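Asks: Sharing a structure with you now.
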Amino acid sequence: MAGQPEFRRYLINIDSNSTQQLFTDCLVVGAGIAGLRAAIEAAEHLNVIMVCKGTLDKSNTWKAQGGIASVLNKADTFDSHVADTIKTGCGICDESIVDMVVRQGPELIVQLLSWGAEFDQADGRLATTLEGGHSHARVAHAHGDETGRIIAQALIKKVRQNPNIKIIENLYVVDLLTNDDNRCTGIIGYDAQRAPQIIWAANTILATGGAGRLYRETTNPEVATADGIAMAYRAGAVLQDLEFMQFHPTTLYVAGASRALITETLRGEGAVLLDNKGQRFMKEYHESAELAPRDIVSRAILAQMRKTEATHVYLDVRGFEKEYFSKRFPLINELLESFDIDIGSDLVPVRPSAHYMVGGVKADVSAETSIENLYVCGEVASTGLHGANRLGSNSLLEGLVFGKIAGQSVSKYKQGRASHIKHPMIKYQIPHSDRTRLDAADVRNSLRALMWRNVGITRWDQPLAEAQEIIRFWQRYVMDKIFDSPQGWECQNMLTVCQLMAKSAQQRRESRGVHFRGDFPDIDDKHFKKHIDVSKEK
């Protein structure tokens, strides 16, 4: 197995003697809520370099319309938030992690307020709304549907003000570097001028975000190509729960347009789903109707689309007053107006899209991975908080809490300074391949379509097996090549992670949370009340 191209240790040739090098106490890879919060925390005691593949405003956090869930009013309780999270996670949440994250939430949100995050207020206190799966109104928003951007801007401002943090934008991290003792010693990447750079780090925090771009239909920005999961896998880290990809039920469905998310807060405040005959249908699928968990709503929409032979369903927002809607949901209002959709008279066409990677690089309570000196936080991590299905608006909460934890964990290592980094010189040479070169862009497009068809909202054994067979074929002609641009490296990362996702989905012969098997439609606690771990074969 070790000779197969998909198990190559590094994607590029490396000669550390001839490569520009930087040194730091702590390296943070990624600039969403988790990476930003981790950098702020680590910089209390260490020098930090933060890198991101694009600019600081290109992240899932920045695009997040939905809010951040936390116990923020007297009618709510920690126990209730914990119970809702565990119920949605379908039996495989780590209850101690859930309790810890939920209890740290309020304090960190108040801290964000003190750093300038302008959360919506009502009667002089934080306003909260109800979302699917929550038993109380506990979701805080900022500027209506711009929560992610407002939080990110506050954290970015805080990062830029800290002299201990150096920001490097437009640096594509190709691989994590490790030594013979299974310690992470930093990264190798390429900057905007395509010059290679090695950053040696006493400790590295991986906060690279999600994997929605592995699917044809997704809410995620172009940067979400599962790079962090793939590079951690090549380095030997244990991955967990890769079969659990959450699909958001309602994204705008307009031919030729990208799939823009339509926040479920609309359903929390009264919007309803209608089929192409104008009939409400969610009550047929779940007693909570439009407020059922996301996986149930997504499957119900697909089932209704098949039943009515339609390409989409509709979200009815005609019950909202126009003036209120424009102030409460300014981004969505602007989006709908750009497509000449009048909320007073028109229905909003929607369908599900890939939204959130529940699984990722396995992390413990301290954000540590199975590789020494490598930490992980945010969507790229699998902490046990979400189980088999993420409760809405718990993602920003997790990024905030585990970002802080990762920064704290790194700071505890007084010996973890750049002056103490012990790293070998690296000279890694990839043999030349005479195999046919496939076009990486074509492979990416075909791969995303394959994942949508075969590893989508409803899975079956044969399509899952076929997906792996097709991906192995592409790997044979792509993984043996040396690319010199992010498009090629992303394609290699996507092939790696898609294969692991399809394999994990085939192994879980039951339906749990966001993973639904048409051939095994029931939960099987006897055999599968557990996580599925994946790691590179040595």
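Chain labels A, B, ... are given in the sequence in which chains occur in the structure tokens; within each chain residues are numbered consecutively from 1, and ligands are likewise numbered from 1 in the order shown.
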Excluding Leu112 in chain A and residues on its chain fewer than 5 positions from it, collect all residues at most 8 Å away from it, counting only C-alpha atoms, and give them as a PyMOL selection string.
Replies: chain A and resi 117+151+154-155
Asks: Would you please extract all strand (DSSP E or B) residues from range 87-154 of chain A, as assigned by DSSP on the backbone, and give them as a list in words?
Replies: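 Written out, the strand (DSSP E or B) residues of range 87-154 of chain A are Phe119, Gln121, Ala122, Arg125, Leu126, Thr128, Thr129, Val139, Ala140 and Ala142 of chain A.
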Asks: Can you list, as an MDAnalysis selection string, every protein, DNA or RNA residue that comes within 9 Å of range 164-180 of chain A when you count only C-alpha atoms, leaving out same-chain residues fewer than 6 positions away?
Replies: chainID A and resid 9:12 29 39:40 43:56 186:192 194 197:198 200 204 227:228 230:232 234:235 371 422:424 426 485:486 489:490
Asks: May I have the residues within 7 Å of range 127-135 of chain A as a PDB file with C-alpha atoms, in the first residue's frame, using only C-alpha atoms and disregarding those fewer than 5 positions away in the same chain?
Replies:
ATOM      1  CA  ASP A  84     -29.962  20.068  22.591  1.00  0.00           C
ATOM      2  CA  THR A  88     -28.753  16.599  17.619  1.00  0.00           C
ATOM      3  CA  ASP A 120     -27.803  42.967  17.857  1.00  0.00           C
ATOM      4  CA  GLN A 121     -29.487  44.339  20.973  1.00  0.00           C
ATOM      5  CA  ALA A 122     -33.045  44.325  22.276  1.00  0.00           C
ATOM      6  CA  ALA A 140     -27.063  35.862  18.942  1.00  0.00           C
ATOM      7  CA  GLU A 264     -32.373  29.159   8.858  1.00  0.00           C
ATOM      8  CA  THR A 265     -33.084  32.080  11.179  1.00  0.00           C
ATOM      9  CA  GLY A 268     -36.909  30.307  13.151  1.00  0.00           C
ATOM     10  CA  LEU A 291     -37.574  23.770  12.890  1.00  0.00           C
ATOM     11  CA  ALA A 292     -36.389  20.160  12.646  1.00  0.00           C
ATOM     12  CA  PRO A 293     -32.594  19.555  12.603  1.00  0.00           C
ATOM     13  CA  LEU A 391     -26.516  21.856  16.060  1.00  0.00           C
ATOM     14  CA  GLY A 392     -27.087  25.126  14.182  1.00  0.00           C
TER      15      GLY A 392
END
Asks: Of the residues A:Leu336, A:Val401, A:Val297, A:Ala310, which is the one nearest to Val102 in chain A, using only C-alpha atoms?
Replies: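 Among the listed residues, A:Val401 lies closest to Val102 in chain A.
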Asks: Mind giving me the straight-line distance from CA of Gln507 in chain A to CA of Ile457 in chain A in Å, one decimal?
Replies: 16.1 Å
Asks: Phe402 in chain A: which residues within 9 Å, counting only C-alpha atoms, same-chain residues fewer than 5 positions away excluded, as an MDAnalysis selection string?
Replies: chainID A and resid 34 37:38 101 365:367 376:378 383 397 407
Asks: What would the file look like if the residues just selected were written as a CSV table (one decimal), in the first residue's frame with C-alpha atoms?
Replies:
chain,number,residue,atom,x,y,z
A,34,ALA,CA,-10.7,29.7,15.3
A,37,ARG,CA,-8.8,33.6,18.3
A,38,ALA,CA,-5.9,31.1,18.7
A,101,VAL,CA,-17.8,24.4,25.2
A,365,VAL,CA,-9.8,18.5,25.1
A,366,SER,CA,-6.6,20.5,24.7
A,367,ALA,CA,-6.8,20.8,20.9
A,376,VAL,CA,-6.2,21.9,15.6
A,377,CYS,CA,-9.3,24.0,16.0
A,378,GLY,CA,-12.4,25.1,14.1
A,383,THR,CA,-13.4,17.5,18.8
A,397,LEU,CA,-19.1,28.8,19.3
A,407,GLY,CA,-3.7,29.2,22.0
Asks: Could you tell me how far CA of Gly488 in chain A lies from CA of Asn182 in chain A, in Å and to one decimal?
Replies: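 If I compute the distance from CA of Gly488 in chain A to CA of Asn182 in chain A, I get 26.9 Å.
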Asks: Distance CA of Tyr356 in chain A-CA of Phe119 in chain A, one decimal place?
Replies: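 Value for the CA of Tyr356 in chain A-CA of Phe119 in chain A distance: 23.4 Å.
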Asks: Looking at A:Thr61, A:Ser96, A:Gln240, A:Thr208, which one is nearest to Ile156 in chain A, with distances taken over only C-alpha atoms?
Replies: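 Result for the nearest residue to Ile156 in chain A: A:Thr61.
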